[in-house]
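Dumped work_5.txt below, it's compact mmCIF, C-alpha atoms and all ligand atoms:
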```
# COMPACT_ATOMS: atom_id res chain seq x y z
CA MET A 8 11.61 -9.39 10.78
CA SER A 9 11.77 -6.61 8.21
CA ILE A 10 11.80 -2.95 9.17
CA PRO A 11 8.47 -1.44 8.06
CA PHE A 12 10.22 1.70 6.97
CA SER A 13 12.78 2.92 4.48
CA ALA A 14 14.53 6.21 3.93
CA GLU A 15 12.52 6.57 0.74
CA GLY A 16 9.42 6.30 2.92
CA ALA A 17 9.93 9.90 4.07
CA ALA A 18 7.82 11.21 1.22
CA GLY A 19 5.13 8.66 2.06
CA THR A 20 4.75 10.21 5.51
CA PHE A 21 5.57 13.87 5.00
CA ARG A 22 5.03 16.36 2.17
CA PRO A 23 8.20 16.18 0.04
CA ASP A 24 8.74 19.96 0.26
CA LEU A 25 7.94 20.17 3.99
CA PHE A 26 11.24 21.86 4.85
CA ALA A 27 11.92 23.59 1.51
CA GLY A 28 13.60 26.96 2.04
CA GLN A 29 14.59 26.01 5.61
CA THR A 30 18.08 25.36 6.96
CA VAL A 31 18.89 22.54 9.38
CA PHE A 32 22.19 22.26 11.26
CA ILE A 33 22.99 18.83 12.69
CA THR A 34 25.84 18.10 15.11
CA GLY A 35 26.96 14.50 14.85
CA GLY A 36 25.67 14.56 11.29
CA THR A 37 28.56 12.53 9.93
CA SER A 38 27.49 9.07 11.14
CA GLY A 39 24.59 6.93 12.34
CA ILE A 40 21.44 8.70 13.49
CA GLY A 41 22.76 12.19 12.66
CA ALA A 42 23.71 11.23 9.10
CA ALA A 43 20.32 9.57 8.57
CA THR A 44 18.66 12.72 9.90
CA ALA A 45 20.68 14.86 7.49
CA GLN A 46 19.55 12.69 4.61
CA TYR A 47 15.96 12.72 5.81
CA PHE A 48 15.72 16.52 6.00
CA HIS A 49 17.45 16.73 2.62
CA MET A 50 14.76 14.46 1.16
CA LEU A 51 12.13 16.78 2.58
CA GLY A 52 13.61 19.78 0.79
CA ALA A 53 15.79 21.40 3.48
CA ASN A 54 19.24 22.92 3.15
CA VAL A 55 21.29 20.80 5.54
CA VAL A 56 24.64 21.22 7.26
CA ALA A 57 25.86 17.92 8.73
CA ALA A 58 28.71 18.64 11.15
CA GLY A 59 30.90 16.16 12.97
CA LEU A 60 34.13 14.22 13.12
CA ALA A 61 35.48 12.05 10.28
CA ALA A 62 33.43 14.04 7.77
CA ILE A 63 35.36 12.46 4.92
CA ALA A 64 33.95 9.02 5.86
CA ALA A 65 30.34 10.16 6.31
CA PRO A 66 27.91 7.61 4.82
CA ILE A 67 25.99 10.31 2.99
CA GLU A 68 26.64 12.26 -0.17
CA GLN A 69 27.35 15.95 -0.27
CA SER A 70 25.13 17.93 -2.64
CA GLU A 71 24.05 21.48 -3.30
CA ARG A 72 21.62 21.32 -0.38
CA LEU A 73 23.63 18.96 1.86
CA LYS A 74 26.94 20.21 3.21
CA ILE A 75 29.13 17.94 5.32
CA ILE A 76 31.67 19.71 7.51
CA GLU A 77 34.43 18.60 9.88
CA LEU A 78 33.70 20.09 13.29
CA ASP A 79 34.68 19.25 16.85
CA VAL A 80 31.78 20.32 19.07
CA THR A 81 34.10 20.65 22.08
CA ASP A 82 35.90 23.48 20.29
CA ARG A 83 33.62 26.30 21.37
CA THR A 84 35.01 28.85 18.89
CA GLU A 85 34.64 26.43 16.00
CA LEU A 86 31.10 25.42 16.98
CA GLU A 87 29.84 28.94 17.56
CA GLY A 88 31.58 30.12 14.38
CA ALA A 89 29.95 27.45 12.20
CA ILE A 90 26.49 28.31 13.51
CA LYS A 91 26.93 32.07 13.35
CA ALA A 92 28.22 31.81 9.77
CA LEU A 93 24.82 30.53 8.63
CA PRO A 94 22.73 33.20 6.92
CA GLN A 95 19.59 31.46 8.19
CA LEU A 96 18.82 28.68 10.66
CA ASP A 97 15.44 27.05 11.18
CA HIS A 98 16.24 23.84 13.07
CA LEU A 99 19.16 22.78 15.25
CA ILE A 100 19.59 19.05 15.83
CA LEU A 101 22.00 18.11 18.62
CA CYS A 102 23.03 14.57 17.85
CA ALA A 103 26.78 14.47 18.58
CA GLY A 104 27.46 11.87 21.25
CA ILE A 105 30.05 9.44 22.53
CA SER A 106 30.43 6.78 25.16
CA LEU A 107 33.82 5.79 26.55
CA ASN A 108 32.41 2.79 28.43
CA SER A 109 34.15 1.95 31.70
CA ASP A 110 36.89 4.53 30.98
CA GLU A 111 34.19 6.94 32.15
CA LEU A 112 35.03 5.90 35.72
CA GLU A 113 38.16 7.97 35.26
CA ILE A 114 37.50 11.70 35.75
CA ASP A 115 39.10 13.08 32.56
CA SER A 116 37.04 10.69 30.44
CA PHE A 117 33.95 11.51 32.49
CA ARG A 118 34.49 15.20 31.79
CA ARG A 119 35.13 14.56 28.08
CA VAL A 120 31.80 12.73 27.64
CA LEU A 121 29.94 15.52 29.44
CA GLU A 122 31.62 18.08 27.15
CA VAL A 123 30.62 16.26 23.94
CA ASN A 124 27.15 15.03 24.96
CA LEU A 125 25.87 17.90 27.08
CA VAL A 126 27.97 21.08 27.22
CA SER A 127 28.26 21.32 23.43
CA GLY A 128 24.46 21.25 23.20
CA MET A 129 24.14 24.29 25.45
CA THR A 130 26.88 26.08 23.50
CA ALA A 131 25.21 25.37 20.16
CA ALA A 132 21.74 26.30 21.40
CA MET A 133 22.86 29.67 22.75
CA ALA A 134 24.79 30.45 19.55
CA ALA A 135 21.80 29.46 17.43
CA ALA A 136 19.14 31.24 19.48
CA PRO A 137 19.04 34.61 17.65
CA ARG A 138 18.69 32.88 14.26
CA LEU A 139 16.11 30.38 15.52
CA ILE A 140 14.07 33.17 17.10
CA ARG A 141 14.09 35.09 13.82
CA GLN A 142 12.71 32.03 11.99
CA GLY A 143 10.39 30.71 14.73
CA GLY A 144 12.44 27.54 14.55
CA SER A 145 13.13 24.59 16.80
CA ILE A 146 15.79 22.53 18.54
CA VAL A 147 15.82 18.75 18.90
CA THR A 148 18.24 17.10 21.30
CA VAL A 149 19.12 13.41 21.33
CA ALA A 150 18.90 11.69 24.70
CA SER A 151 18.96 7.91 25.28
CA MET A 152 17.46 5.10 27.36
CA TYR A 153 20.38 5.85 29.70
CA ALA A 154 18.63 9.10 30.54
CA TYR A 155 16.10 6.98 32.44
CA PHE A 156 18.37 4.50 34.20
CA GLY A 157 21.89 4.49 35.62
CA ALA A 158 24.82 2.58 34.19
CA SER A 159 27.66 1.49 36.47
CA GLU A 160 29.85 0.87 33.42
CA ARG A 161 29.16 4.21 31.70
CA PRO A 162 28.33 6.81 34.37
CA ALA A 163 29.20 9.84 32.24
CA TYR A 164 27.03 8.72 29.35
CA ALA A 165 24.04 8.19 31.68
CA ALA A 166 24.63 11.47 33.52
CA SER A 167 25.00 13.39 30.26
CA LYS A 168 21.81 11.96 28.77
CA GLY A 169 19.82 12.67 31.95
CA GLY A 170 21.24 16.18 31.65
CA VAL A 171 20.15 16.41 28.01
CA ILE A 172 16.51 15.86 29.01
CA GLN A 173 16.69 18.51 31.75
CA LEU A 174 18.48 20.93 29.41
CA THR A 175 15.74 20.34 26.85
CA LYS A 176 13.05 21.31 29.37
CA SER A 177 15.02 24.35 30.53
CA LEU A 178 15.63 25.64 27.00
CA ALA A 179 11.99 24.96 26.13
CA GLN A 180 10.97 27.28 28.99
CA LEU A 181 13.59 29.85 28.07
CA PHE A 182 12.63 30.14 24.41
CA ALA A 183 8.87 29.44 24.51
CA LYS A 184 7.91 33.11 24.52
CA ASP A 185 10.15 33.63 21.47
CA GLY A 186 8.29 30.98 19.48
CA VAL A 187 11.17 28.47 19.50
CA ARG A 188 10.29 24.92 20.51
CA VAL A 189 12.80 22.55 22.11
CA ASN A 190 12.19 18.82 22.26
CA SER A 191 14.16 15.60 22.59
CA VAL A 192 14.13 12.06 21.27
CA ALA A 193 15.31 9.19 23.43
CA PRO A 194 16.36 6.44 21.04
CA GLY A 195 16.25 2.88 22.25
CA TRP A 196 18.63 0.44 20.64
CA ILE A 197 19.53 1.61 17.17
CA GLU A 198 21.91 -0.13 14.76
CA THR A 199 24.76 2.40 14.36
CA PRO A 200 28.56 2.42 14.75
CA LEU A 201 28.09 3.56 18.39
CA ALA A 202 26.08 0.43 19.19
CA LYS A 203 28.96 -1.76 17.95
CA ASN A 204 30.50 -0.99 21.38
CA LEU A 205 28.18 -3.55 22.96
CA ASP A 206 29.18 -7.20 23.24
CA THR A 207 26.98 -10.02 21.91
CA LYS A 208 25.82 -11.09 25.39
CA THR A 209 24.63 -7.58 26.25
CA LYS A 210 22.92 -7.30 22.87
CA GLY A 211 21.08 -10.59 23.56
CA VAL A 212 19.82 -9.35 26.94
CA ILE A 213 18.65 -6.10 25.34
CA MET A 214 16.76 -7.92 22.58
CA GLN A 215 14.79 -9.92 25.14
CA ARG A 216 13.43 -6.67 26.57
CA ILE A 217 12.36 -5.01 23.29
CA PRO A 218 8.63 -5.66 22.70
CA ALA A 219 9.07 -4.86 18.99
CA ALA A 220 11.62 -7.72 18.94
CA ARG A 221 14.13 -5.88 16.79
CA TRP A 222 16.67 -3.06 16.96
CA GLY A 223 15.65 0.22 15.41
CA ALA A 224 17.01 1.87 12.26
CA SER A 225 18.55 5.35 12.29
CA GLU A 226 15.88 6.52 9.82
CA GLU A 227 13.17 5.67 12.36
CA VAL A 228 14.72 8.17 14.77
CA ALA A 229 15.23 10.70 11.96
CA ALA A 230 11.51 10.54 11.13
CA VAL A 231 10.54 11.43 14.70
CA ILE A 232 13.04 14.29 14.71
CA ALA A 233 11.46 15.57 11.48
CA PHE A 234 8.01 15.36 13.08
CA LEU A 235 9.23 17.36 16.08
CA CYS A 236 10.50 20.08 13.71
CA SER A 237 7.30 20.10 11.67
CA PRO A 238 4.20 22.29 12.07
CA ALA A 239 2.37 19.16 13.30
CA ALA A 240 4.29 19.59 16.57
CA SER A 241 3.51 23.32 16.90
CA TYR A 242 2.21 23.01 20.50
CA LEU A 243 4.82 20.48 21.60
CA THR A 244 7.78 21.77 23.59
CA GLY A 245 9.94 20.46 26.43
CA ALA A 246 8.96 16.89 25.61
CA THR A 247 11.09 13.79 25.21
CA LEU A 248 9.76 11.10 22.90
CA PRO A 249 11.18 7.60 23.40
CA VAL A 250 11.83 5.92 20.03
CA ASP A 251 12.47 2.49 21.40
CA GLY A 252 10.15 -0.20 20.05
CA GLY A 253 8.46 -0.23 23.48
CA TYR A 254 11.63 -0.90 25.51
CA LEU A 255 10.67 1.50 28.31
CA THR A 256 7.34 -0.23 28.82
CA SER A 257 8.89 -3.55 29.77
P1 LIG Z 1 27.63 7.37 15.89
O1 LIG Z 1 28.88 7.00 16.60
O2 LIG Z 1 27.27 6.67 14.63
O3 LIG Z 1 27.59 8.94 15.62
C1 LIG Z 1 28.03 9.87 16.56
C2 LIG Z 1 28.22 11.20 15.88
O4 LIG Z 1 28.71 12.13 16.86
C3 LIG Z 1 29.25 11.16 14.75
O5 LIG Z 1 28.83 11.98 13.69
C4 LIG Z 1 30.49 11.75 15.39
O6 LIG Z 1 31.36 12.38 14.48
C5 LIG Z 1 29.84 12.77 16.31
N1 LIG Z 1 30.77 13.21 17.34
C6 LIG Z 1 31.36 12.50 18.33
N2 LIG Z 1 32.22 13.29 19.01
C7 LIG Z 1 32.17 14.51 18.41
C8 LIG Z 1 32.86 15.74 18.61
N3 LIG Z 1 33.75 15.90 19.58
N4 LIG Z 1 32.56 16.76 17.78
C9 LIG Z 1 31.66 16.62 16.78
N5 LIG Z 1 31.00 15.50 16.54
C10 LIG Z 1 31.26 14.46 17.35
O7 LIG Z 1 26.48 7.15 16.98
P2 LIG Z 1 24.90 7.20 16.90
O8 LIG Z 1 24.42 5.93 17.44
O9 LIG Z 1 24.42 7.66 15.60
O10 LIG Z 1 24.62 8.31 18.00
C11 LIG Z 1 24.05 9.56 17.69
C12 LIG Z 1 23.38 10.07 18.96
O11 LIG Z 1 22.34 9.17 19.32
C13 LIG Z 1 24.34 10.15 20.15
O12 LIG Z 1 24.04 11.31 20.89
C14 LIG Z 1 23.99 8.91 20.94
O13 LIG Z 1 24.28 9.06 22.30
C15 LIG Z 1 22.50 8.81 20.67
N6 LIG Z 1 21.95 7.49 20.89
C16 LIG Z 1 22.29 6.40 20.13
C17 LIG Z 1 21.71 5.17 20.38
C18 LIG Z 1 22.03 3.94 19.59
O14 LIG Z 1 21.52 2.87 19.94
N7 LIG Z 1 22.80 4.01 18.54
C19 LIG Z 1 20.73 5.00 21.46
C20 LIG Z 1 20.46 6.20 22.18
C21 LIG Z 1 21.04 7.39 21.91
```
Same coordinates, now as structure tokens:
Amino acid sequence: MSIPFSAEGAAGTFRPDLFAGQTVFITGGTSGIGAATAQYFHMLGANVVAAGLAAIAAPIEQSERLKIIELDVTDRTELEGAIKALPQLDHLILCAGISLNSDELEIDSFRRVLEVNLVSGMTAAMAAAPRLIRQGGSIVTVASMYAYFGASERPAYAASKGGVIQLTKSLAQLFAKDGVRVNSVAPGWIETPLAKNLDTKTKGVIMQRIPAARWGASEEVAAVIAFLCSPAASYLTGATLPVDGGYLTS
């Protein structure tokens, strides 16, 4: 079945200059969903900073309005410095994430996943707050289906993603009076390098439970992130939107 969407479709859904003159900072912008989101905002006119590991191998092209930077979100000084160096910030997208699978049963790995997936989000949000407040901007976090159910083989990933949803609600409350909205997307099963972790048998079981009968594309998550940052979502804050082809309904 073909995906009824393409990256070029952005302009078919949104005004091509929707984010012109705005700056978007994306953690985890060097691969998968984050890279697609960087490209998507770029197509809609934004100045984009895509930050993450292995920047040199990012599947997107650097341009005048799209900067790709090497950044480890667990390095607090580096993360805060990159955000505070921006002359302007309108939208912060917190997409950096890892899973260490069953290694997460070991406490150092558990802690590492929490640092990347959850703690870095809080660090980035607090560093970005003054700039976002000045612009009346927004934050979008990236949760997961694992925010809704436990996972014996990846307890840190599930705990971190549950935490991401609660952090989203807390920051939404904190910044609402300042005109900054904070929302989350919970992607279902999206074809990215991260998903390559799963074995064929697990992938088969997952497919059986997706009403849309296909995995999602990174651009389909990027489009929902763009909506959450757009004026169309002006009264939406603290929400988590599943982007899952109906997975949660089954
Ligand atoms: P990916 O592996 O393609 O991308 C992960 C990104 O996070 C990369 O840019 C990587 O450099 C960055 N990252 C990892 N550790 C970092 C660190 N210490 N410092 C800075 N950046 C770091 O994975 P994918 O699938 O694009 O995941 C993006 C987000 O979406 C993650 O938060 C993931 O948990 C979430 N997600 C993905 C799903 C999927 O099916 N692919 C489903 C649900 C959620």
Kindly provide, as an MDAnalysis selection string, the polymer residues lying within 7 Å of (23.6, 18.4, 15.1), counting all atoms listed in the file and using the coordinates exactly as they appear in the file.
chainID A and resid 32:36 41 57:58 99:103
Go ahead and save the residues from that selection, with C-alpha atoms, as a JSON list (two decimals), in the coordinates of the input.
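Below you can see out-v2.json, which holds the result:
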```
[["chain", "number", "residue", "atom", "x", "y", "z"],
["A", 32, "PHE", "CA", 22.19, 22.26, 11.26],
["A", 33, "ILE", "CA", 22.99, 18.83, 12.69],
["A", 34, "THR", "CA", 25.84, 18.10, 15.11],
["A", 35, "GLY", "CA", 26.96, 14.50, 14.85],
["A", 36, "GLY", "CA", 25.67, 14.56, 11.29],
["A", 41, "GLY", "CA", 22.76, 12.19, 12.66],
["A", 57, "ALA", "CA", 25.86, 17.92, 8.73],
["A", 58, "ALA", "CA", 28.71, 18.64, 11.15],
["A", 99, "LEU", "CA", 19.16, 22.78, 15.25],
["A", 100, "ILE", "CA", 19.59, 19.05, 15.83],
["A", 101, "LEU", "CA", 22.00, 18.11, 18.62],
["A", 102, "CYS", "CA", 23.03, 14.57, 17.85],
["A", 103, "ALA", "CA", 26.78, 14.47, 18.58]]
```
Residues at most 7 Å from ligand LIG 1 (chain Z), using only C-alpha atoms and all ligand atoms? Could they come as a PDB file with C-alpha atoms, in the coordinates of the input?
```pdb
ATOM      1  CA  THR A  34      25.840  18.100  15.110  1.00  0.00           C
ATOM      2  CA  GLY A  35      26.960  14.500  14.850  1.00  0.00           C
ATOM      3  CA  GLY A  36      25.670  14.560  11.290  1.00  0.00           C
ATOM      4  CA  THR A  37      28.560  12.530   9.930  1.00  0.00           C
ATOM      5  CA  SER A  38      27.490   9.070  11.140  1.00  0.00           C
ATOM      6  CA  GLY A  39      24.590   6.930  12.340  1.00  0.00           C
ATOM      7  CA  ILE A  40      21.440   8.700  13.490  1.00  0.00           C
ATOM      8  CA  GLY A  41      22.760  12.190  12.660  1.00  0.00           C
ATOM      9  CA  ALA A  42      23.710  11.230   9.100  1.00  0.00           C
ATOM     10  CA  ALA A  58      28.710  18.640  11.150  1.00  0.00           C
ATOM     11  CA  GLY A  59      30.900  16.160  12.970  1.00  0.00           C
ATOM     12  CA  LEU A  60      34.130  14.220  13.120  1.00  0.00           C
ATOM     13  CA  ALA A  61      35.480  12.050  10.280  1.00  0.00           C
ATOM     14  CA  LEU A  78      33.700  20.090  13.290  1.00  0.00           C
ATOM     15  CA  ASP A  79      34.680  19.250  16.850  1.00  0.00           C
ATOM     16  CA  VAL A  80      31.780  20.320  19.070  1.00  0.00           C
ATOM     17  CA  THR A  81      34.100  20.650  22.080  1.00  0.00           C
ATOM     18  CA  CYS A 102      23.030  14.570  17.850  1.00  0.00           C
ATOM     19  CA  ALA A 103      26.780  14.470  18.580  1.00  0.00           C
ATOM     20  CA  GLY A 104      27.460  11.870  21.250  1.00  0.00           C
ATOM     21  CA  ILE A 105      30.050   9.440  22.530  1.00  0.00           C
ATOM     22  CA  VAL A 123      30.620  16.260  23.940  1.00  0.00           C
ATOM     23  CA  ASN A 124      27.150  15.030  24.960  1.00  0.00           C
ATOM     24  CA  VAL A 149      19.120  13.410  21.330  1.00  0.00           C
ATOM     25  CA  ALA A 150      18.900  11.690  24.700  1.00  0.00           C
ATOM     26  CA  SER A 151      18.960   7.910  25.280  1.00  0.00           C
ATOM     27  CA  MET A 152      17.460   5.100  27.360  1.00  0.00           C
ATOM     28  CA  ALA A 193      15.310   9.190  23.430  1.00  0.00           C
ATOM     29  CA  PRO A 194      16.360   6.440  21.040  1.00  0.00           C
ATOM     30  CA  GLY A 195      16.250   2.880  22.250  1.00  0.00           C
ATOM     31  CA  TRP A 196      18.630   0.440  20.640  1.00  0.00           C
ATOM     32  CA  ILE A 197      19.530   1.610  17.170  1.00  0.00           C
ATOM     33  CA  GLU A 198      21.910  -0.130  14.760  1.00  0.00           C
ATOM     34  CA  THR A 199      24.760   2.400  14.360  1.00  0.00           C
ATOM     35  CA  PRO A 200      28.560   2.420  14.750  1.00  0.00           C
ATOM     36  CA  LEU A 201      28.090   3.560  18.390  1.00  0.00           C
ATOM     37  CA  ALA A 202      26.080   0.430  19.190  1.00  0.00           C
TER      38      ALA A 202
END
```
Go through A:Val228, A:Ala163, A:Ala53, A:Ala233 one by one, measure the shortest atom-to-atom distance of each to Asp110 (chain A) using only C-alpha atoms, and give the residue with the smallest value.
A:Ala163
Non-local contacts of Trp222 (chain A) (12 Å; all atoms listed in the file; under 3 positions in same chain excluded) as an NGL selection string
:A and (8-10 or 194-199 or 202 or 210-211 or 213-219 or 225-228 or 250-254)
Nearest to Pro238 (chain A) by atom-to-atom distance, counting all atoms listed in the file, from A:Leu73, A:Ala64, A:Leu178, A:Leu25:
A:Leu25
Contacts of Gly157 (chain A) at 12 Å (only C-alpha atoms; same-chain gap of 4+ positions) as a list in words:
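Using only C-alpha atoms, the neighbours found are Ser151, Met152, Tyr153, Arg161, Pro162, Ala163, Tyr164, Ala165, Ala166, Ser167, Lys168 and Gly169 of chain A.
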Restricted to C-alpha atoms, what would the selected residues look like written as a short mmCIF file (atom, residue, chain, number, x, y, z; two decimals), in the frame of the given file?
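selection-v4.cif, written as the output of this step:
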```
data_model
loop_
_atom_site.label_atom_id
_atom_site.label_comp_id
_atom_site.auth_asym_id
_atom_site.auth_seq_id
_atom_site.Cartn_x
_atom_site.Cartn_y
_atom_site.Cartn_z
CA SER A 151 18.96 7.91 25.28
CA MET A 152 17.46 5.10 27.36
CA TYR A 153 20.38 5.85 29.70
CA ARG A 161 29.16 4.21 31.70
CA PRO A 162 28.33 6.81 34.37
CA ALA A 163 29.20 9.84 32.24
CA TYR A 164 27.03 8.72 29.35
CA ALA A 165 24.04 8.19 31.68
CA ALA A 166 24.63 11.47 33.52
CA SER A 167 25.00 13.39 30.26
CA LYS A 168 21.81 11.96 28.77
CA GLY A 169 19.82 12.67 31.95
#
```
What separation in Å, quoted to one decimal, exists between CA of Ser191 (chain A) and CA of Thr175 (chain A)?
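Spanning CA of Ser191 (chain A) to CA of Thr175 (chain A) is a straight-line distance of 6.6 Å.
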Distance CA of Asp24 (chain A)-CA of Gly88 (chain A), one decimal place?
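Rounded to one decimal, the two atoms are 28.7 Å apart.
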Rounded to one decimal place, report the CA of Pro94 (chain A)-CA of Arg138 (chain A) distance in Å.
8.4 Å
Using all atoms listed in the file, determine which residues lie at most 12 Å from Asp185 (chain A), disregarding the query and same-chain residues fewer than 6 positions distant; provide the list as a count of residues only.
12
What lies within 12 Å of Phe234 (chain A) using all atoms listed in the file, ignoring chain neighbours under 2 positions off, as a ChimeraX atom specification?
/A:17,20-22,25-26,44,47-48,51,98,145-147,190-192,227-232,236-241,243,248
Could you check the closest approach to Asp97 (chain A) for each of A:Ala43, A:Leu255, A:Ala135, A:Val212 and tell me which residue wins, using only C-alpha atoms?
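Using only C-alpha atoms, the shortest distance to Asp97 (chain A) belongs to A:Ala135.
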All residues 10 Å or closer to region 69-71 of chain A, all atoms listed in the file, same chain fewer than 2 positions away omitted, as a short mmCIF file (atom, residue, chain, number, x, y, z; two decimals) with C-alpha atoms, keeping the file's coordinate frame:
```cif
data_model
loop_
_atom_site.label_atom_id
_atom_site.label_comp_id
_atom_site.auth_asym_id
_atom_site.auth_seq_id
_atom_site.Cartn_x
_atom_site.Cartn_y
_atom_site.Cartn_z
CA GLN A 46 19.55 12.69 4.61
CA HIS A 49 17.45 16.73 2.62
CA ASN A 54 19.24 22.92 3.15
CA VAL A 55 21.29 20.80 5.54
CA VAL A 56 24.64 21.22 7.26
CA ALA A 57 25.86 17.92 8.73
CA ALA A 65 30.34 10.16 6.31
CA PRO A 66 27.91 7.61 4.82
CA ILE A 67 25.99 10.31 2.99
CA LEU A 73 23.63 18.96 1.86
CA LYS A 74 26.94 20.21 3.21
CA ILE A 75 29.13 17.94 5.32
CA ILE A 76 31.67 19.71 7.51
#
```
